file entry10.pdb (PDB, C-alpha atoms)
ATOM      1  CA  MET A   1      20.979 100.914 -67.578
ATOM      2  CA  ASP A   2      21.954 100.478 -63.918
ATOM      3  CA  THR A   3      20.406  97.917 -61.581
ATOM      4  CA  ASN A   4      18.361 100.448 -59.576
ATOM      5  CA  THR A   5      16.729 101.840 -62.701
ATOM      6  CA  LEU A   6      15.917  98.309 -63.857
ATOM      7  CA  TRP A   7      14.208  97.437 -60.574
ATOM      8  CA  ILE A   8      12.178 100.665 -60.710
ATOM      9  CA  LEU A   9      10.939  99.791 -64.195
ATOM     10  CA  ILE A  10      10.064  96.245 -63.081
ATOM     11  CA  LEU A  11       8.170  97.649 -60.074
ATOM     12  CA  CYS A  12       6.224 100.094 -62.236
ATOM     13  CA  ALA A  13       5.302  97.354 -64.668
ATOM     14  CA  ALA A  14       4.125  95.131 -61.841
ATOM     15  CA  MET A  15       1.969  97.933 -60.437
ATOM     16  CA  VAL A  16       0.334  98.417 -63.823
ATOM     17  CA  ASN A  17      -0.292  94.703 -64.336
ATOM     18  CA  GLY A  18      -1.282  93.962 -60.739
ATOM     19  CA  GLN A  19       1.417  91.304 -60.416
ATOM     20  CA  PHE A  20       2.840  92.065 -56.947
ATOM     21  CA  ASP A  21       2.171  88.437 -56.008
ATOM     22  CA  GLN A  22       4.738  87.312 -58.593
ATOM     23  CA  PHE A  23       7.567  89.403 -57.109
ATOM     24  CA  PRO A  24      10.570  87.495 -55.746
ATOM     25  CA  PHE A  25      10.416  89.602 -52.550
ATOM     26  CA  ASN A  26       7.809  90.914 -50.135
ATOM     27  CA  PHE A  27       6.828  94.458 -51.050
ATOM     28  CA  ASN A  28       5.149  95.991 -48.031
ATOM     29  CA  PRO A  29       5.598  99.757 -48.104
ATOM     30  CA  THR A  30       5.046 101.637 -44.834
ATOM     31  CA  PHE A  31       3.836 105.193 -44.613
ATOM     32  CA  PRO A  32       4.159 107.571 -41.655
ATOM     33  CA  ASP A  33       1.173 107.886 -39.324
ATOM     34  CA  VAL A  34      -0.135 111.338 -40.232
ATOM     35  CA  SER A  35      -2.164 111.640 -37.018
ATOM     36  CA  SER A  36       0.925 111.007 -34.869
ATOM     37  CA  ILE A  37       2.856 113.639 -36.844
ATOM     38  CA  ILE A  38       0.063 116.169 -36.255
ATOM     39  CA  ARG A  39      -0.019 115.323 -32.538
ATOM     40  CA  GLY A  40       3.743 115.780 -32.354
ATOM     41  CA  ILE A  41       3.535 119.202 -33.997
ATOM     42  CA  GLU A  42       0.698 120.225 -31.661
ATOM     43  CA  ASP A  43       2.741 119.131 -28.632
ATOM     44  CA  GLU A  44       5.713 121.176 -29.864
ATOM     45  CA  LEU A  45       3.568 124.273 -30.383
ATOM     46  CA  LYS A  46       1.522 123.952 -27.186
ATOM     47  CA  PRO A  47       3.874 125.971 -24.896
ATOM     48  CA  LEU A  48       3.980 128.800 -27.453
ATOM     49  CA  GLN A  49       0.203 128.774 -27.759
ATOM     50  CA  ILE A  50      -0.228 128.892 -23.975
ATOM     51  CA  SER A  51       2.210 131.815 -23.713
ATOM     52  CA  ASP A  52       0.424 133.661 -26.519
ATOM     53  CA  ASN A  53      -2.970 133.109 -24.890
ATOM     54  CA  LYS A  54      -1.693 134.383 -21.529
ATOM     55  CA  ASN A  55      -0.408 137.547 -23.200
ATOM     56  CA  ARG A  56      -3.781 138.003 -24.884
ATOM     57  CA  LEU A  57      -5.510 137.639 -21.519
ATOM     58  CA  MET A  58      -3.363 140.406 -20.045
ATOM     59  CA  GLN A  59      -3.913 142.668 -23.055
ATOM     60  CA  GLY A  60      -7.674 142.121 -23.184
ATOM     61  CA  ILE A  61      -7.423 140.865 -26.761
ATOM     62  CA  GLY A  62     -10.787 139.768 -28.089
ATOM     63  CA  GLY A  63     -12.485 140.807 -24.885
ATOM     64  CA  VAL A  64     -12.020 142.889 -21.748
ATOM     65  CA  THR A  65      -9.553 142.468 -18.888
ATOM     66  CA  ILE A  66     -10.192 144.129 -15.544
ATOM     67  CA  LEU A  67      -7.286 144.877 -13.226
ATOM     68  CA  GLU A  68      -8.379 144.660  -9.615
ATOM     69  CA  ALA A  69      -6.224 147.004  -7.564
ATOM     70  CA  PRO A  70      -6.838 149.626  -4.880
ATOM     71  CA  GLY A  71      -6.826 153.218  -6.040
ATOM     72  CA  LYS A  72      -7.883 152.829  -9.661
ATOM     73  CA  SER A  73     -10.199 150.688 -11.752
ATOM     74  CA  ILE A  74      -8.393 149.702 -14.941
ATOM     75  CA  ILE A  75     -10.134 148.130 -17.930
ATOM     76  CA  ILE A  76      -7.966 146.810 -20.765
ATOM     77  CA  HIS A  77      -9.490 146.258 -24.193
ATOM     78  CA  ASP A  78      -7.532 145.070 -27.231
ATOM     79  CA  GLY A  79      -4.230 146.274 -25.814
ATOM     80  CA  THR A  80      -5.387 149.709 -24.620
ATOM     81  CA  SER A  81      -5.839 150.541 -20.930
ATOM     82  CA  PHE A  82      -8.684 152.725 -19.701
ATOM     83  CA  GLU A  83      -9.520 154.073 -16.279
ATOM     84  CA  CYS A  84     -13.124 153.640 -15.212
ATOM     85  CA  ARG A  85     -14.385 156.757 -13.454
ATOM     86  CA  GLY A  86     -17.251 154.974 -11.802
ATOM     87  CA  THR A  87     -18.086 151.423 -10.753
ATOM     88  CA  VAL A  88     -16.631 148.365 -12.467
ATOM     89  CA  ILE A  89     -18.971 145.432 -13.036
ATOM     90  CA  SER A  90     -18.301 141.974 -14.475
ATOM     91  CA  LYS A  91     -20.522 142.255 -17.545
ATOM     92  CA  GLN A  92     -21.236 144.700 -20.333
ATOM     93  CA  PRO A  93     -20.708 147.658 -20.249
ATOM     94  CA  PHE A  94     -18.144 146.808 -17.479
ATOM     95  CA  CYS A  95     -17.933 150.453 -16.377
ATOM     96  CA  LEU A  96     -20.905 152.239 -14.817
ATOM     97  CA  GLY A  97     -19.549 155.705 -15.367
ATOM     98  CA  PHE A  98     -17.203 156.819 -18.102
ATOM     99  CA  LEU A  99     -13.879 155.624 -19.454
ATOM    100  CA  VAL A 100     -10.760 157.716 -19.966
ATOM    101  CA  LYS A 101      -7.561 156.478 -21.537
ATOM    102  CA  PHE A 102      -5.166 155.532 -18.772
ATOM    103  CA  GLN A 103      -2.099 157.749 -18.533
ATOM    104  CA  THR A 104       1.028 157.235 -16.453
ATOM    105  CA  ASN A 105       1.478 160.603 -14.762
ATOM    106  CA  THR A 106       2.776 159.728 -11.291
ATOM    107  CA  PRO A 107       5.106 157.033  -9.911
ATOM    108  CA  GLN A 108       2.071 155.295  -8.393
ATOM    109  CA  ASP A 109       0.542 154.967 -11.861
ATOM    110  CA  TYR A 110       3.303 152.515 -12.782
ATOM    111  CA  CYS A 111       1.689 150.130 -10.291
ATOM    112  CA  PHE A 112      -1.076 149.607 -12.861
ATOM    113  CA  SER A 113       1.159 148.855 -15.836
ATOM    114  CA  GLU A 114       0.809 145.279 -17.036
ATOM    115  CA  ASN A 115       3.944 145.543 -19.181
ATOM    116  CA  TYR A 116       7.185 144.826 -17.336
ATOM    117  CA  ASP A 117      10.365 142.753 -17.350
ATOM    118  CA  GLN A 118      12.604 141.626 -14.516
ATOM    119  CA  SER A 119      16.319 140.956 -14.190
ATOM    120  CA  ASP A 120      17.321 139.587 -10.785
ATOM    121  CA  ASP A 121      15.766 142.036  -8.300
ATOM    122  CA  VAL A 122      15.366 144.934 -10.755
ATOM    123  CA  LEU A 123      12.150 145.721 -12.627
ATOM    124  CA  CYS A 124      11.644 147.653 -15.846
ATOM    125  CA  ILE A 125       8.086 149.023 -15.940
ATOM    126  CA  ALA A 126       6.512 150.388 -19.112
ATOM    127  CA  HIS A 127       4.806 153.749 -19.402
ATOM    128  CA  SER A 128       1.165 153.484 -20.502
ATOM    129  CA  SER A 129       2.040 154.988 -23.905
ATOM    130  CA  HIS A 130       4.697 152.376 -24.696
ATOM    131  CA  LYS A 131       3.930 149.822 -27.369
ATOM    132  CA  ALA A 132       7.068 147.875 -26.497
ATOM    133  CA  LEU A 133       9.535 147.549 -23.646
ATOM    134  CA  PHE A 134      13.292 147.060 -23.938
ATOM    135  CA  PHE A 135      15.242 145.825 -20.920
ATOM    136  CA  ASN A 136      18.830 144.867 -21.622
ATOM    137  CA  SER A 137      21.824 143.728 -19.633
ATOM    138  CA  ASN A 138      25.278 144.468 -21.041
ATOM    139  CA  ASN A 139      28.332 143.565 -18.959
ATOM    140  CA  GLY A 140      26.264 143.816 -15.811
ATOM    141  CA  ARG A 141      24.807 147.221 -16.702
ATOM    142  CA  LEU A 142      21.048 147.409 -17.136
ATOM    143  CA  SER A 143      19.189 149.708 -19.504
ATOM    144  CA  CYS A 144      15.439 150.177 -19.547
ATOM    145  CA  SER A 145      13.397 152.049 -22.144
ATOM    146  CA  GLY A 146      10.086 152.034 -23.918
ATOM    147  CA  SER A 147       9.231 152.324 -27.586
ATOM    148  CA  ASN A 148      11.012 155.126 -29.474
ATOM    149  CA  ASP A 149      13.611 155.189 -26.669
ATOM    150  CA  ARG A 150      11.190 156.887 -24.309
ATOM    151  CA  PRO A 151      12.065 156.388 -20.645
ATOM    152  CA  ALA A 152      10.542 153.629 -18.560
ATOM    153  CA  LEU A 153      10.727 153.120 -14.822
ATOM    154  CA  MET A 154      13.659 151.033 -13.572
ATOM    155  CA  ILE A 155      13.107 150.144  -9.949
ATOM    156  CA  SER A 156      14.126 147.440  -7.486
ATOM    157  CA  THR A 157      11.541 144.905  -6.394
ATOM    158  CA  GLN A 158      11.792 146.252  -2.831
ATOM    159  CA  GLU A 159      11.105 149.814  -3.989
ATOM    160  CA  TYR A 160       8.229 148.647  -6.180
ATOM    161  CA  PHE A 161       6.668 146.748  -3.281
ATOM    162  CA  ALA A 162       6.976 149.804  -1.033
ATOM    163  CA  LEU A 163       5.301 151.913  -3.731
ATOM    164  CA  CYS A 164       2.549 149.505  -4.787
ATOM    165  CA  ASN A 165       2.102 147.147  -1.782
ATOM    166  CA  ARG A 166       2.518 144.179  -4.106
ATOM    167  CA  LEU A 167       4.752 142.918  -6.915
ATOM    168  CA  PRO A 168       3.673 143.011 -10.586
ATOM    169  CA  TRP A 169       2.889 139.299 -10.740
ATOM    170  CA  GLN A 170       0.738 139.519  -7.603
ATOM    171  CA  LYS A 171      -1.971 141.572  -9.296
ATOM    172  CA  THR A 172      -5.359 139.950  -9.858
ATOM    173  CA  MET A 173      -6.848 140.267 -13.336
ATOM    174  CA  SER A 174     -10.080 138.967 -14.856
ATOM    175  CA  TYR A 175     -10.564 138.344 -18.562
ATOM    176  CA  PHE A 176     -14.040 138.366 -20.104
ATOM    177  CA  PRO A 177     -14.055 137.079 -23.701
ATOM    178  CA  ASP A 178     -16.141 138.666 -26.422
ATOM    179  CA  ARG A 179     -17.258 135.563 -28.262
ATOM    180  CA  GLN A 180     -18.202 137.637 -31.287
ATOM    181  CA  SER A 181     -14.539 138.539 -31.721
ATOM    182  CA  PRO A 182     -12.443 136.130 -33.806
ATOM    183  CA  PHE A 183      -9.475 136.972 -31.557
ATOM    184  CA  HIS A 184     -10.976 136.013 -28.192
ATOM    185  CA  VAL A 185      -9.315 133.410 -25.978
ATOM    186  CA  PRO A 186     -11.655 130.401 -25.705
ATOM    187  CA  LEU A 187     -12.664 129.531 -22.149
ATOM    188  CA  PRO A 188     -12.545 127.504 -20.022
ATOM    189  CA  ASN A 189      -8.951 126.483 -20.607
ATOM    190  CA  PRO A 190      -7.135 124.336 -18.009
ATOM    191  CA  ASN A 191      -3.707 125.410 -19.310
ATOM    192  CA  LEU A 192      -3.974 129.119 -18.499
ATOM    193  CA  GLY A 193      -3.654 128.993 -14.713
ATOM    194  CA  CYS A 194      -7.052 130.591 -14.077
ATOM    195  CA  PHE A 195      -8.199 130.192 -10.486
ATOM    196  CA  GLU A 196     -11.672 131.115 -11.689
ATOM    197  CA  ASN A 197     -12.033 129.283 -14.974
ATOM    198  CA  SER A 198     -15.490 129.306 -16.508
ATOM    199  CA  TYR A 199     -17.172 129.861 -19.850
ATOM    200  CA  ASP A 200     -17.437 133.594 -19.142
ATOM    201  CA  VAL A 201     -14.319 134.549 -17.174
ATOM    202  CA  CYS A 202     -10.713 133.664 -16.406
ATOM    203  CA  THR A 203      -9.393 135.217 -13.189
ATOM    204  CA  PHE A 204      -5.624 134.985 -12.962
ATOM    205  CA  LYS A 205      -2.385 136.522 -11.798
ATOM    206  CA  PRO A 206       0.100 137.667 -14.464
ATOM    207  CA  SER A 207       2.975 135.368 -15.302
ATOM    208  CA  ARG A 208       6.297 136.373 -13.824
ATOM    209  CA  GLN A 209       8.454 137.752 -16.632
ATOM    210  CA  LEU A 210      12.208 137.258 -16.449
ATOM    211  CA  ILE A 211      15.043 138.142 -18.798
TER     212      ILE A 211
END

call {"tool": "encode", "arguments": {"input": "entry10.pdb", "output": "structure tokens"}}
result
Amino acid sequence: MDTNTLWILILCAAMVNGQFDQFPFNFNPTFPDVSSIIRGIEDELKPLQISDNKNRLMQGIGGVTILEAPGKSIIIHDGTSFECRGTVISKQPFCLGFLVKFQTNTPQDYCFSENYDQSDDVLCIAHSSHKALFFNSNNGRLSCSGSNDRPALMISTQEYFALCNRLPWQKTMSYFPDRQSPFHVPLPNPNLGCFENSYDVCTFKPSRQLI
């Protein structure tokens, strides 16, 4: 029997007999502070959680997001964009009129897309039917496409500004949570960059997306 095994057996016997005070050394085991470990994990995950919540704001997940822009009234609910043919209000039903699914039919319609990426001074703007956007740079050559390799709009920031009178991250959006939905973003939240940040609404500008 080796020395380590012997000491383990002696320790076990002492624990059973309650004889720690007879040990020839001080046995003072230390255990990690569970609360500090949890706080550390929360701190590590916080940036990811903030990014996820911002994406949910833009997509109207668990609520409704209204895009304030001249020319069209866009209401986004659970990832789907609708055009309000009527008057937009800041409470249910949000649209005094009727809703139609938003379609990207003209170049100007890309001004209302909330899904884009940027590389230097070039933008890749998603079509309203895209579930994903792919913007890649390979040896200095850019490619831009939507889901199922459908085309997206690749345009310089100068051209986009001339078309839309603003850049994608300069749009103003307002998120209204549906507190009955388990997926809503809890408000107010000081980490989301809302310049109107109350129990009922977060008004914000989209985060600038770079690749």

call {"tool": "resolve_selection", "arguments": {"input": "entry10.pdb", "expression": "the PyMOL selection byres ((chain A and resi 169) around 12)", "output": "number ranges by chain"}}
result
A: 58, 67, 111-118, 123, 157, 160-161, 164-168, 170-173, 204-210

call {"tool": "atom_distance", "arguments": {"input": "entry10.pdb", "atom1": "CA of Pro182 in chain A", "atom2": "CA of Asp78 in chain A"}}
result
12.1 Å

call {"tool": "atom_distance", "arguments": {"input": "entry10.pdb", "atom1": "CA of Val88 in chain A", "atom2": "CA of Ile66 in chain A"}}
result
8.3 Å

call {"tool": "residues_around", "arguments": {"input": "entry10.pdb", "residues": "Pro107 in chain A", "least_positions_apart": "5", "cutoff": "12 Å", "atoms": "all atoms listed in the file", "output": "PyMOL selection string"}}
result
chain A and resi 112-113+125-128+152-155+159-160+162-164

call {"tool": "write_last_selection", "arguments": {"input": "entry10.pdb", "atoms": "C-alpha atoms", "output": "compact mmCIF listing (two decimals), in the frame of the given file"}}
result
# COMPACT_ATOMS: atom_id res chain seq x y z
CA PHE A 112 -1.08 149.61 -12.86
CA SER A 113 1.16 148.85 -15.84
CA ILE A 125 8.09 149.02 -15.94
CA ALA A 126 6.51 150.39 -19.11
CA HIS A 127 4.81 153.75 -19.40
CA SER A 128 1.16 153.48 -20.50
CA ALA A 152 10.54 153.63 -18.56
CA LEU A 153 10.73 153.12 -14.82
CA MET A 154 13.66 151.03 -13.57
CA ILE A 155 13.11 150.14 -9.95
CA GLU A 159 11.10 149.81 -3.99
CA TYR A 160 8.23 148.65 -6.18
CA ALA A 162 6.98 149.80 -1.03
CA LEU A 163 5.30 151.91 -3.73
CA CYS A 164 2.55 149.50 -4.79

call {"tool": "atom_distance", "arguments": {"input": "entry10.pdb", "atom1": "CA of Ile89 in chain A", "atom2": "CA of Ile74 in chain A"}}
result
11.6 Å

call {"tool": "closest_residue", "arguments": {"input": "entry10.pdb", "among": "A:Arg141, A:Lys46, A:Lys91, A:Arg39", "to": "Asp200 in chain A", "atoms": "only C-alpha atoms"}}
result
A:Lys91

call {"tool": "residues_around", "arguments": {"input": "entry10.pdb", "residues": "range 187-195 of chain A", "least_positions_apart": "5", "cutoff": "9 Å", "atoms": "only C-alpha atoms", "output": "ChimeraX atom specification"}}
result
/A:50-51,53-54,174,177,200-205

call {"tool": "resolve_selection", "arguments": {"input": "entry10.pdb", "expression": "the PyMOL selection byres ((chain A and resi 83) around 8)", "output": "list of chain:residue names"}}
result
A:Lys72, A:Ser73, A:Ile74, A:Ile75, A:Ser81, A:Phe82, A:Cys84, A:Arg85, A:Leu99, A:Val100, A:Lys101, A:Phe102

call {"tool": "closest_residue", "arguments": {"input": "entry10.pdb", "among": "A:Asp178, A:Ser90, A:Asp149, A:Ser156", "to": "Ser119 in chain A", "atoms": "only C-alpha atoms"}}
result
A:Ser156
